[in-house]
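File shown: data06.pdb (PDB, C-alpha atoms).
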ATOM      1  CA  MET A 160     128.385  32.647  63.224
ATOM      2  CA  ILE A 161     131.015  30.090  62.295
ATOM      3  CA  ASP A 162     130.741  26.748  60.580
ATOM      4  CA  GLY A 163     131.673  23.366  61.975
ATOM      5  CA  ALA A 164     135.182  23.380  60.479
ATOM      6  CA  GLU A 165     136.183  26.580  62.264
ATOM      7  CA  GLU A 166     134.315  25.792  65.428
ATOM      8  CA  GLU A 167     137.031  23.907  67.307
ATOM      9  CA  GLN A 168     139.500  26.803  67.271
ATOM     10  CA  SER A 169     137.035  29.474  68.233
ATOM     11  CA  ALA A 170     134.467  29.458  71.009
ATOM     12  CA  ARG A 171     132.083  27.079  69.250
ATOM     13  CA  ARG A 172     128.930  28.675  67.933
ATOM     14  CA  VAL A 173     125.686  27.798  66.253
ATOM     15  CA  VAL A 174     125.547  24.653  63.675
ATOM     16  CA  THR A 175     124.109  22.024  60.990
ATOM     17  CA  GLY A 176     122.448  18.625  60.880
ATOM     18  CA  GLU A 177     119.946  15.948  60.101
ATOM     19  CA  ALA A 178     116.255  15.949  60.979
ATOM     20  CA  PRO A 179     115.417  15.808  64.688
ATOM     21  CA  GLU A 180     114.369  12.468  66.175
ATOM     22  CA  TYR A 181     113.006  13.389  69.570
ATOM     23  CA  ILE A 182     112.579  16.020  72.216
ATOM     24  CA  ALA A 183     112.690  14.880  75.823
ATOM     25  CA  ASN A 184     112.150  16.726  79.072
ATOM     26  CA  GLU A 185     115.107  15.366  80.997
ATOM     27  CA  GLU A 186     113.912  16.402  84.407
ATOM     28  CA  LEU A 187     110.231  15.523  84.491
ATOM     29  CA  LEU A 188     108.683  13.977  81.436
ATOM     30  CA  GLY A 189     111.027  11.313  80.117
ATOM     31  CA  CYS A 190     110.204  11.176  76.423
ATOM     32  CA  VAL A 191     107.538  13.499  75.120
ATOM     33  CA  ARG A 192     105.894  13.314  71.745
ATOM     34  CA  SER A 193     104.482  16.179  69.762
ATOM     35  CA  SER A 194     101.938  15.891  66.983
ATOM     36  CA  ASP A 195     104.852  15.825  64.547
ATOM     37  CA  GLU A 196     105.471  12.222  63.515
ATOM     38  CA  ALA A 197     109.121  13.075  62.818
ATOM     39  CA  LEU A 198     109.646  13.115  66.572
ATOM     40  CA  GLY A 199     110.585   9.641  67.693
ATOM     41  CA  SER A 200     109.470   7.870  70.822
ATOM     42  CA  SER A 201     112.861   7.183  72.370
ATOM     43  CA  CYS A 202     115.326   9.339  74.262
ATOM     44  CA  ALA A 203     118.910   9.032  73.117
ATOM     45  CA  GLY A 204     122.326  10.524  73.687
ATOM     46  CA  THR A 205     123.228   9.499  77.223
ATOM     47  CA  ARG A 206     126.824  10.369  78.093
ATOM     48  CA  THR A 207     129.621   8.276  79.493
ATOM     49  CA  ALA A 208     132.813   9.406  81.185
ATOM     50  CA  GLU A 209     134.688   8.425  78.026
ATOM     51  CA  ASP A 210     132.788  10.820  75.769
ATOM     52  CA  PRO A 211     135.172  13.432  74.347
ATOM     53  CA  ALA A 212     134.221  17.040  75.067
ATOM     54  CA  VAL A 213     135.971  20.361  75.550
ATOM     55  CA  ASN A 214     134.412  23.554  76.897
ATOM     56  CA  ASP A 215     137.037  26.216  77.408
ATOM     57  CA  ASN A 216     134.908  29.216  76.508
ATOM     58  CA  VAL A 217     131.319  30.332  76.666
ATOM     59  CA  THR A 218     129.838  32.229  73.743
ATOM     60  CA  VAL A 219     127.041  34.639  74.663
ATOM     61  CA  THR A 220     124.830  36.127  71.982
ATOM     62  CA  SER A 221     121.753  38.308  72.027
ATOM     63  CA  SER A 222     118.820  38.682  69.670
ATOM     64  CA  GLY A 223     118.179  36.787  66.466
ATOM     65  CA  ALA A 224     120.347  34.518  64.363
ATOM     66  CA  THR A 225     119.502  31.981  61.684
ATOM     67  CA  GLU A 226     122.608  29.940  61.145
ATOM     68  CA  GLU A 227     124.129  26.652  62.204
ATOM     69  CA  VAL A 228     125.115  24.942  65.491
ATOM     70  CA  GLY A 229     127.857  22.282  65.718
ATOM     71  CA  GLU A 230     128.174  18.902  67.318
ATOM     72  CA  PRO A 231     126.912  18.321  70.873
ATOM     73  CA  MET A 232     129.484  17.740  73.579
ATOM     74  CA  ASN A 233     128.379  14.143  74.122
ATOM     75  CA  GLY A 234     130.601  12.604  71.483
ATOM     76  CA  SER A 235     127.788  12.423  68.914
ATOM     77  CA  THR A 236     128.558  13.380  65.313
ATOM     78  CA  ARG A 237     125.013  14.632  64.770
ATOM     79  CA  LYS A 238     124.770  18.242  63.678
ATOM     80  CA  LEU A 239     121.856  20.593  63.985
ATOM     81  CA  ARG A 240     120.461  23.418  61.884
ATOM     82  CA  LEU A 241     119.196  25.899  64.417
ATOM     83  CA  ALA A 242     117.295  29.177  64.078
ATOM     84  CA  VAL A 243     117.313  31.646  66.976
ATOM     85  CA  ALA A 244     114.825  34.498  67.414
ATOM     86  CA  GLY A 245     115.021  37.224  70.027
ATOM     87  CA  CYS A 246     111.717  38.715  71.212
ATOM     88  CA  ALA A 247     108.951  37.119  69.148
ATOM     89  CA  HIS A 248     106.118  39.383  70.408
ATOM     90  CA  GLY A 249     103.521  36.964  69.081
ATOM     91  CA  GLU A 250     104.463  37.400  65.430
ATOM     92  CA  MET A 251     105.036  33.724  64.751
ATOM     93  CA  GLU A 252     103.508  33.842  61.292
ATOM     94  CA  LYS A 253     106.115  36.404  60.186
ATOM     95  CA  ILE A 254     108.963  34.516  61.854
ATOM     96  CA  TYR A 255     108.042  31.266  60.105
ATOM     97  CA  GLU A 256     107.761  33.134  56.791
ATOM     98  CA  VAL A 257     111.300  34.473  57.228
ATOM     99  CA  LEU A 258     112.576  30.984  58.053
ATOM    100  CA  ALA A 259     110.878  29.618  54.927
ATOM    101  CA  GLU A 260     112.637  32.248  52.802
ATOM    102  CA  ILE A 261     116.011  31.351  54.319
ATOM    103  CA  GLU A 262     115.357  27.634  53.838
ATOM    104  CA  LYS A 263     114.475  28.211  50.195
ATOM    105  CA  GLU A 264     117.580  30.328  49.637
ATOM    106  CA  LYS A 265     119.968  27.929  51.386
ATOM    107  CA  GLY A 266     118.354  24.701  50.250
ATOM    108  CA  TYR A 267     117.868  23.110  53.668
ATOM    109  CA  LYS A 268     115.313  22.952  56.463
ATOM    110  CA  PHE A 269     115.846  24.096  60.046
ATOM    111  CA  ASP A 270     115.595  21.407  62.692
ATOM    112  CA  LEU A 271     114.682  23.701  65.576
ATOM    113  CA  LEU A 272     113.675  27.290  66.327
ATOM    114  CA  ILE A 273     114.579  28.773  69.727
ATOM    115  CA  CYS A 274     112.743  31.922  70.854
ATOM    116  CA  CYS A 275     114.383  33.820  73.721
ATOM    117  CA  GLY A 276     111.297  35.200  75.439
ATOM    118  CA  ASP A 277     108.477  37.696  74.945
ATOM    119  CA  TYR A 278     106.908  34.901  72.942
ATOM    120  CA  GLN A 279     103.318  35.982  73.706
ATOM    121  CA  SER A 280     101.369  32.738  73.401
ATOM    122  CA  VAL A 281      98.045  34.584  73.332
ATOM    123  CA  ARG A 282      95.171  32.211  72.539
ATOM    124  CA  ASN A 283      92.270  34.653  72.840
ATOM    125  CA  TYR A 284      91.311  38.099  74.116
ATOM    126  CA  GLY A 285      91.055  36.770  77.661
ATOM    127  CA  ASP A 286      94.793  36.052  77.660
ATOM    128  CA  LEU A 287      95.480  39.725  76.973
ATOM    129  CA  HIS A 288      94.291  40.562  80.507
ATOM    130  CA  HIS A 289      97.215  38.537  81.866
ATOM    131  CA  MET A 290      99.857  40.178  79.689
ATOM    132  CA  HIS A 291     101.855  43.201  80.828
ATOM    133  CA  VAL A 292     102.038  45.494  77.789
ATOM    134  CA  SER A 293     100.898  49.022  77.031
ATOM    135  CA  GLU A 294      97.507  49.374  75.389
ATOM    136  CA  LYS A 295      98.876  50.043  71.897
ATOM    137  CA  TYR A 296     100.656  46.656  71.920
ATOM    138  CA  ARG A 297      97.718  44.697  73.345
ATOM    139  CA  SER A 298      97.011  42.570  70.279
ATOM    140  CA  LEU A 299      96.278  38.911  69.517
ATOM    141  CA  GLN A 300      99.045  38.709  66.899
ATOM    142  CA  THR A 301      99.253  35.267  65.251
ATOM    143  CA  PHE A 302     100.080  32.579  67.835
ATOM    144  CA  TYR A 303      96.376  31.743  68.195
ATOM    145  CA  LYS A 304      96.375  30.310  64.661
ATOM    146  CA  TYR A 305      98.844  27.626  65.744
ATOM    147  CA  TYR A 306      96.968  26.984  68.985
ATOM    148  CA  SER A 307      93.592  26.592  67.267
ATOM    149  CA  GLY A 308      94.895  24.321  64.521
ATOM    150  CA  GLU A 309      94.248  26.838  61.772
ATOM    151  CA  LYS A 310      97.970  26.531  61.025
ATOM    152  CA  GLU A 311     100.747  24.182  62.092
ATOM    153  CA  ALA A 312     104.211  25.354  63.042
ATOM    154  CA  PRO A 313     106.481  24.344  60.134
ATOM    155  CA  THR A 314     109.516  24.144  62.441
ATOM    156  CA  LEU A 315     109.682  22.576  65.884
ATOM    157  CA  THR A 316     109.838  25.539  68.294
ATOM    158  CA  ILE A 317     110.909  25.964  71.919
ATOM    159  CA  PHE A 318     110.831  29.151  73.978
ATOM    160  CA  VAL A 319     111.412  30.650  77.410
ATOM    161  CA  GLY A 320     109.160  33.274  78.966
ATOM    162  CA  GLY A 321     110.015  36.965  79.081
ATOM    163  CA  ASN A 322     108.325  40.002  80.598
ATOM    164  CA  HIS A 323     105.597  40.310  77.947
ATOM    165  CA  GLU A 324     103.754  37.003  78.029
ATOM    166  CA  ALA A 325     100.299  35.491  78.300
ATOM    167  CA  SER A 326     101.260  34.817  81.905
ATOM    168  CA  GLY A 327      97.983  33.171  82.885
ATOM    169  CA  TYR A 328      98.386  30.510  80.206
ATOM    170  CA  LEU A 329     102.070  29.875  80.963
ATOM    171  CA  ALA A 330     101.260  29.554  84.685
ATOM    172  CA  GLU A 331      99.442  26.324  83.784
ATOM    173  CA  LEU A 332     102.812  24.875  82.703
ATOM    174  CA  PRO A 333     105.323  25.792  85.446
ATOM    175  CA  ASN A 334     107.533  22.828  84.547
ATOM    176  CA  GLY A 335     107.158  23.309  80.808
ATOM    177  CA  GLY A 336     104.896  21.749  78.208
ATOM    178  CA  TRP A 337     103.343  22.032  74.770
ATOM    179  CA  VAL A 338     101.427  25.299  74.269
ATOM    180  CA  ALA A 339     100.448  24.231  70.747
ATOM    181  CA  PRO A 340     101.409  21.369  68.423
ATOM    182  CA  LYS A 341     105.188  21.539  67.799
ATOM    183  CA  ILE A 342     105.603  24.573  70.112
ATOM    184  CA  TYR A 343     107.134  23.843  73.524
ATOM    185  CA  TYR A 344     107.430  26.179  76.530
ATOM    186  CA  MET A 345     110.441  25.557  78.792
ATOM    187  CA  GLY A 346     108.657  26.485  82.032
ATOM    188  CA  PHE A 347     110.227  28.469  84.877
ATOM    189  CA  ALA A 348     113.478  26.477  84.581
ATOM    190  CA  ASN A 349     114.083  23.346  82.602
ATOM    191  CA  VAL A 350     116.426  21.155  80.589
ATOM    192  CA  ILE A 351     115.524  19.255  77.439
ATOM    193  CA  ARG A 352     117.556  16.956  75.259
ATOM    194  CA  PHE A 353     117.143  17.405  71.515
ATOM    195  CA  ALA A 354     119.051  15.450  68.855
ATOM    196  CA  GLY A 355     121.856  14.838  71.327
ATOM    197  CA  PHE A 356     122.041  18.467  72.479
ATOM    198  CA  ARG A 357     121.225  19.482  76.056
ATOM    199  CA  ILE A 358     119.329  22.784  76.083
ATOM    200  CA  ALA A 359     118.554  24.581  79.351
ATOM    201  CA  GLY A 360     116.152  27.474  79.791
ATOM    202  CA  LEU A 361     115.208  30.045  82.433
ATOM    203  CA  SER A 362     112.118  32.221  82.027
ATOM    204  CA  GLY A 363     111.507  35.792  83.176
ATOM    205  CA  ILE A 364     113.593  38.826  84.108
ATOM    206  CA  PHE A 365     115.392  39.822  87.295
ATOM    207  CA  ASN A 366     113.778  41.870  90.054
ATOM    208  CA  GLY A 367     115.628  42.017  93.360
ATOM    209  CA  LYS A 368     112.464  42.534  95.396
ATOM    210  CA  GLU A 369     110.861  39.315  94.166
ATOM    211  CA  PHE A 370     113.982  37.189  93.681
ATOM    212  CA  ASN A 371     113.886  35.389  97.045
ATOM    213  CA  ARG A 372     110.138  34.848  97.089
ATOM    214  CA  GLY A 373     108.376  31.777  95.769
ATOM    215  CA  HIS A 374     105.980  31.737  92.835
ATOM    216  CA  TYR A 375     103.014  32.876  94.910
ATOM    217  CA  GLU A 376     100.952  34.295  92.026
ATOM    218  CA  ARG A 377      97.981  32.266  90.809
ATOM    219  CA  PRO A 378      95.705  33.183  87.903
ATOM    220  CA  PRO A 379      93.262  34.791  87.685
ATOM    221  CA  TYR A 380      95.581  37.404  89.151
ATOM    222  CA  SER A 381      94.087  39.612  91.840
ATOM    223  CA  ASP A 382      95.618  42.810  90.477
ATOM    224  CA  ARG A 383      98.113  44.190  87.975
ATOM    225  CA  SER A 384     101.019  43.847  90.396
ATOM    226  CA  GLU A 385     100.649  40.053  90.315
ATOM    227  CA  VAL A 386     100.703  40.043  86.515
ATOM    228  CA  ILE A 387     104.031  41.885  86.706
ATOM    229  CA  SER A 388     105.583  39.855  89.517
ATOM    230  CA  SER A 389     104.587  36.572  87.849
ATOM    231  CA  TYR A 390     107.352  36.918  85.265
ATOM    232  CA  HIS A 391     110.169  37.728  87.688
ATOM    233  CA  VAL A 392     112.990  35.180  87.998
ATOM    234  CA  ARG A 393     113.105  33.382  91.363
ATOM    235  CA  ASN A 394     116.122  32.173  93.272
ATOM    236  CA  THR A 395     114.624  28.682  93.514
ATOM    237  CA  ASP A 396     114.702  28.350  89.717
ATOM    238  CA  VAL A 397     118.298  29.539  89.421
ATOM    239  CA  TRP A 398     119.185  27.171  92.277
ATOM    240  CA  ARG A 399     117.666  24.258  90.384
ATOM    241  CA  LEU A 400     119.729  25.055  87.301
ATOM    242  CA  LYS A 401     122.908  25.332  89.362
ATOM    243  CA  HIS A 402     122.523  21.636  90.107
ATOM    244  CA  LEU A 403     123.447  21.031  86.487
ATOM    245  CA  ARG A 404     126.989  21.863  87.526
ATOM    246  CA  PRO A 405     128.993  18.648  87.046
ATOM    247  CA  ALA A 406     130.677  17.021  90.040
ATOM    248  CA  ASP A 407     134.218  18.152  90.858
ATOM    249  CA  ASP A 408     133.897  21.012  88.358
ATOM    250  CA  ASP A 409     134.419  18.569  85.495
ATOM    251  CA  HIS A 410     132.500  20.501  82.857
ATOM    252  CA  THR A 411     133.083  17.794  80.267
ATOM    253  CA  SER A 412     131.128  15.158  82.194
ATOM    254  CA  ASN A 413     127.558  16.231  81.416
ATOM    255  CA  PRO A 414     127.615  19.622  79.715
ATOM    256  CA  ILE A 415     124.910  22.059  78.697
ATOM    257  CA  ASP A 416     125.238  22.868  75.003
ATOM    258  CA  ILE A 417     122.829  25.825  74.914
ATOM    259  CA  MET A 418     121.438  28.024  77.708
ATOM    260  CA  VAL A 419     118.451  30.251  76.905
ATOM    261  CA  THR A 420     117.314  33.223  79.008
ATOM    262  CA  HIS A 421     115.344  36.366  78.329
ATOM    263  CA  ASP A 422     117.452  39.000  80.080
ATOM    264  CA  TRP A 423     121.241  39.218  79.794
ATOM    265  CA  PRO A 424     123.669  38.026  82.450
ATOM    266  CA  ALA A 425     124.842  41.086  84.424
ATOM    267  CA  GLY A 426     128.319  42.238  83.435
ATOM    268  CA  ILE A 427     128.283  40.435  80.102
ATOM    269  CA  VAL A 428     128.929  43.742  78.329
ATOM    270  CA  ASP A 429     132.509  43.594  79.631
ATOM    271  CA  TYR A 430     133.171  40.580  77.402
ATOM    272  CA  GLY A 431     132.027  42.092  74.103
ATOM    273  CA  ASP A 432     132.168  45.402  72.244
ATOM    274  CA  LYS A 433     130.786  47.601  75.014
ATOM    275  CA  GLN A 434     131.524  50.861  73.203
ATOM    276  CA  GLN A 435     129.646  49.740  70.109
ATOM    277  CA  LEU A 436     126.687  48.760  72.309
ATOM    278  CA  ILE A 437     126.692  52.203  73.946
ATOM    279  CA  ARG A 438     126.855  53.892  70.537
ATOM    280  CA  ILE A 439     123.746  51.987  69.464
ATOM    281  CA  LYS A 440     121.931  52.291  72.820
ATOM    282  CA  PRO A 441     123.412  55.341  74.624
ATOM    283  CA  PHE A 442     120.717  55.203  77.316
ATOM    284  CA  PHE A 443     122.246  51.899  78.510
ATOM    285  CA  LEU A 444     125.274  53.771  79.855
ATOM    286  CA  ALA A 445     123.836  54.659  83.272
ATOM    287  CA  ASP A 446     122.736  51.067  83.950
ATOM    288  CA  ILE A 447     126.075  49.706  82.731
ATOM    289  CA  GLU A 448     128.045  52.033  84.995
ATOM    290  CA  SER A 449     125.825  51.262  87.998
ATOM    291  CA  GLY A 450     125.927  47.511  87.352
ATOM    292  CA  LYS A 451     122.164  47.331  86.875
ATOM    293  CA  LEU A 452     122.154  46.107  83.283
ATOM    294  CA  GLY A 453     121.296  42.420  83.279
ATOM    295  CA  ASN A 454     120.612  39.646  85.731
ATOM    296  CA  PRO A 455     123.254  39.156  88.469
ATOM    297  CA  SER A 456     122.056  35.654  89.301
ATOM    298  CA  THR A 457     122.532  34.350  85.779
ATOM    299  CA  MET A 458     126.093  35.637  85.474
ATOM    300  CA  GLN A 459     126.988  33.370  88.388
ATOM    301  CA  LEU A 460     124.993  30.590  86.737
ATOM    302  CA  LEU A 461     127.028  31.085  83.572
ATOM    303  CA  TYR A 462     130.250  30.503  85.506
ATOM    304  CA  ASP A 463     128.750  27.490  87.271
ATOM    305  CA  ILE A 464     127.412  25.503  84.323
ATOM    306  CA  ARG A 465     129.509  26.956  81.456
ATOM    307  CA  PRO A 466     127.287  26.191  78.466
ATOM    308  CA  ARG A 467     128.781  26.318  74.984
ATOM    309  CA  TYR A 468     126.291  28.994  73.957
ATOM    310  CA  TRP A 469     124.174  31.400  75.951
ATOM    311  CA  LEU A 470     121.264  33.003  74.070
ATOM    312  CA  SER A 471     119.344  36.035  75.370
ATOM    313  CA  ALA A 472     117.052  38.776  74.057
ATOM    314  CA  HIS A 473     115.072  41.488  75.937
ATOM    315  CA  LEU A 474     117.113  44.601  75.036
ATOM    316  CA  HIS A 475     116.365  44.646  71.298
ATOM    317  CA  VAL A 476     119.971  44.968  70.164
ATOM    318  CA  ALA A 477     122.472  42.456  68.799
ATOM    319  CA  PHE A 478     125.472  41.826  71.055
ATOM    320  CA  ALA A 479     128.048  39.026  71.100
ATOM    321  CA  ALA A 480     130.564  38.129  73.795
ATOM    322  CA  ILE A 481     133.003  35.348  74.599
ATOM    323  CA  VAL A 482     133.563  34.576  78.282
TER     324      VAL A 482
END

Mind turning this structure into structure tokens?
Amino acid sequence: MIDGAEEEQSARRVVTGEAPEYIANEELLGCVRSSDEALGSSCAGTRTAEDPAVNDNVTVTSSGATEEVGEPMNGSTRKLRLAVAGCAHGEMEKIYEVLAEIEKEKGYKFDLLICCGDYQSVRNYGDLHHMHVSEKYRSLQTFYKYYSGEKEAPTLTIFVGGNHEASGYLAELPNGGWVAPKIYYMGFANVIRFAGFRIAGLSGIFNGKEFNRGHYERPPYSDRSEVISSYHVRNTDVWRLKHLRPADDDHTSNPIDIMVTHDWPAGIVDYGDKQQLIRIKPFFLADIESGKLGNPSTMQLLYDIRPRYWLSAHLHVAFAAIV
């Protein structure tokens, strides 16, 4: 990670700032309030053609990071302290404990936590029937404490869905919504504006067989195959996000600061230390050589919308790339 002073000469990475004022669902909800009174009631940060912004490179990272993110590309001088988690797997209590330790050590508070899928918003044992995991991992974990009100999330949290989710619960919020106080699900595909930053998200993982079908699954799912297919990325959702591409390819006109997905864009390994990745995960080699590692639809999306940062998880290994 790099700080704000170095950011301009590199490919801009994650950054610092004041307390958040609002979170707004740009596409559907206008301004949305959470139970946190620190969230204001107004949406801010609209862009004009005169706003200065540059977006020459895209930085793609995988897995967790707890550092800083710089200024949004809308001309605002606001900065943001951002924490990023890879696969949460329902262990929110532990994640918040780690954030608290970092905050104590560094002497500041994070404004936002982004989780890149496999969040597992399991409220009760019934939700476990709609989650695709092996029996040994079929556990409530700790999200239910934040859902029930036993605890409150200390940091505003947003997440996309992965391939291990309480799919029945998330199906109730296809366009995104609050799954618990201060915890926001991005839906199948969505854009929010937070403290002047535009953050886009796409839930699920790629499966070629399901890609061109609609979201036909409805809970309670008729069989296990529907539980599995429910978390597959659909072309309609990628298509929606492609409309974020600015007119005339002017990527400074209304940029995406951060894009969040669960699986990696296909071919992204060619832009980072591929050999180091193979040393850590040698069983990736066959999929890399066959072009099967990652999501082919999101690599094209990356080129179309060119966010400043692209955050992914899924493969349980840290990997950084600059496109």

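Considering the residues A:Met290, A:Leu444, A:Ala247, A:Leu436 and counting all atoms listed in the file, A:Ser388 has its shortest atom-to-atom contact with A:Met290.
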
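Minimum distance to A:Arg467 across A:Arg357, A:His291, A:Arg383, A:Lys253 (counting only C-alpha atoms) occurs at A:Arg357.
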
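Taking atom CA of A:Gly266 and atom CA of A:Ala244 as the two end points, the separation is 20.1 Å.
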
Using all atoms of stretch 283-297 of chain A that appear in the file, construct an axis-aligned enclosing box with 4 Å of padding on every side and provide its centre coordinates and edge lengths in Å, rounded to one decimal, as AutoDock Vina command-line options.
--center_x 96.5 --center_y 42.3 --center_z 76.9 --size_x 19.0 --size_y 23.4 --size_z 18.0

Find the spatial neighbours of A:Gln435, counting only C-alpha atoms, within a cut-off of 12 Å - ignore same-chain residues fewer than 4 positions away - and output them as a list in words.
-> Val428, Asp429, Gly431, Ile439, Lys440, Pro441, Phe443, Leu444, Val476, Ala477, Phe478 and Ala479 of chain A

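Neighbouring residues of A:Asn454 at 10 Å or closer, counting only C-alpha atoms and skipping chain neighbours under 2 positions away, are Ile364, Phe365, Asn366, Gly367, Val392, Thr420, His421, Asp422, Trp423, Pro424, Ala425, Gly426, Ile427, Gly450, Lys451, Leu452, Ser456, Thr457, Met458 and Gln459 of chain A.
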
Could you please take those selected residues and save C-alpha atoms as a PDB file, keeping the file's coordinate frame?
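Result written to again.pdb:
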ATOM      1  CA  ILE A 364     113.593  38.826  84.108  1.00  0.00           C
ATOM      2  CA  PHE A 365     115.392  39.822  87.295  1.00  0.00           C
ATOM      3  CA  ASN A 366     113.778  41.870  90.054  1.00  0.00           C
ATOM      4  CA  GLY A 367     115.628  42.017  93.360  1.00  0.00           C
ATOM      5  CA  VAL A 392     112.990  35.180  87.998  1.00  0.00           C
ATOM      6  CA  THR A 420     117.314  33.223  79.008  1.00  0.00           C
ATOM      7  CA  HIS A 421     115.344  36.366  78.329  1.00  0.00           C
ATOM      8  CA  ASP A 422     117.452  39.000  80.080  1.00  0.00           C
ATOM      9  CA  TRP A 423     121.241  39.218  79.794  1.00  0.00           C
ATOM     10  CA  PRO A 424     123.669  38.026  82.450  1.00  0.00           C
ATOM     11  CA  ALA A 425     124.842  41.086  84.424  1.00  0.00           C
ATOM     12  CA  GLY A 426     128.319  42.238  83.435  1.00  0.00           C
ATOM     13  CA  ILE A 427     128.283  40.435  80.102  1.00  0.00           C
ATOM     14  CA  GLY A 450     125.927  47.511  87.352  1.00  0.00           C
ATOM     15  CA  LYS A 451     122.164  47.331  86.875  1.00  0.00           C
ATOM     16  CA  LEU A 452     122.154  46.107  83.283  1.00  0.00           C
ATOM     17  CA  SER A 456     122.056  35.654  89.301  1.00  0.00           C
ATOM     18  CA  THR A 457     122.532  34.350  85.779  1.00  0.00           C
ATOM     19  CA  MET A 458     126.093  35.637  85.474  1.00  0.00           C
ATOM     20  CA  GLN A 459     126.988  33.370  88.388  1.00  0.00           C
TER      21      GLN A 459
END

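Those residues returned by the PyMOL selection byres ((chain A and resi 393) around 9) for this file are Phe347, Gly363, Phe365, Asn366, Glu369, Phe370, Asn371, Arg372, Gly373, His374, His391, Val392, Asn394, Thr395, Asp396, Val397 and Trp398 of chain A.
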
If you count all atoms listed in the file, which residues fall within 6 Å of A:Ile273, apart from same-chain ones fewer than 4 positions away, as a PDB file with C-alpha atoms, in the coordinates of the input?
ATOM      1  CA  VAL A 243     117.313  31.646  66.976  1.00  0.00           C
ATOM      2  CA  THR A 316     109.838  25.539  68.294  1.00  0.00           C
ATOM      3  CA  ILE A 317     110.909  25.964  71.919  1.00  0.00           C
ATOM      4  CA  PHE A 318     110.831  29.151  73.978  1.00  0.00           C
TER       5      PHE A 318
END

Hey, can you check how far atom CA of A:Gly336 sits from atom CA of A:Ile464?
-> 23.6 Å

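Using only C-alpha atoms, the protein and nucleic acid residues lying no more than 7 Å from A:Leu271, apart from those fewer than 6 places from it along its own chain, are Arg240, Leu241, Ala242, Thr314, Leu315 and Thr316 of chain A.
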
Could the residues in this selection be written to a file with C-alpha atoms, as a PDB file, in the coordinates of the input?
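Once everything was written out, this is selection.pdb:
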ATOM      1  CA  ARG A 240     120.461  23.418  61.884  1.00  0.00           C
ATOM      2  CA  LEU A 241     119.196  25.899  64.417  1.00  0.00           C
ATOM      3  CA  ALA A 242     117.295  29.177  64.078  1.00  0.00           C
ATOM      4  CA  THR A 314     109.516  24.144  62.441  1.00  0.00           C
ATOM      5  CA  LEU A 315     109.682  22.576  65.884  1.00  0.00           C
ATOM      6  CA  THR A 316     109.838  25.539  68.294  1.00  0.00           C
TER       7      THR A 316
END
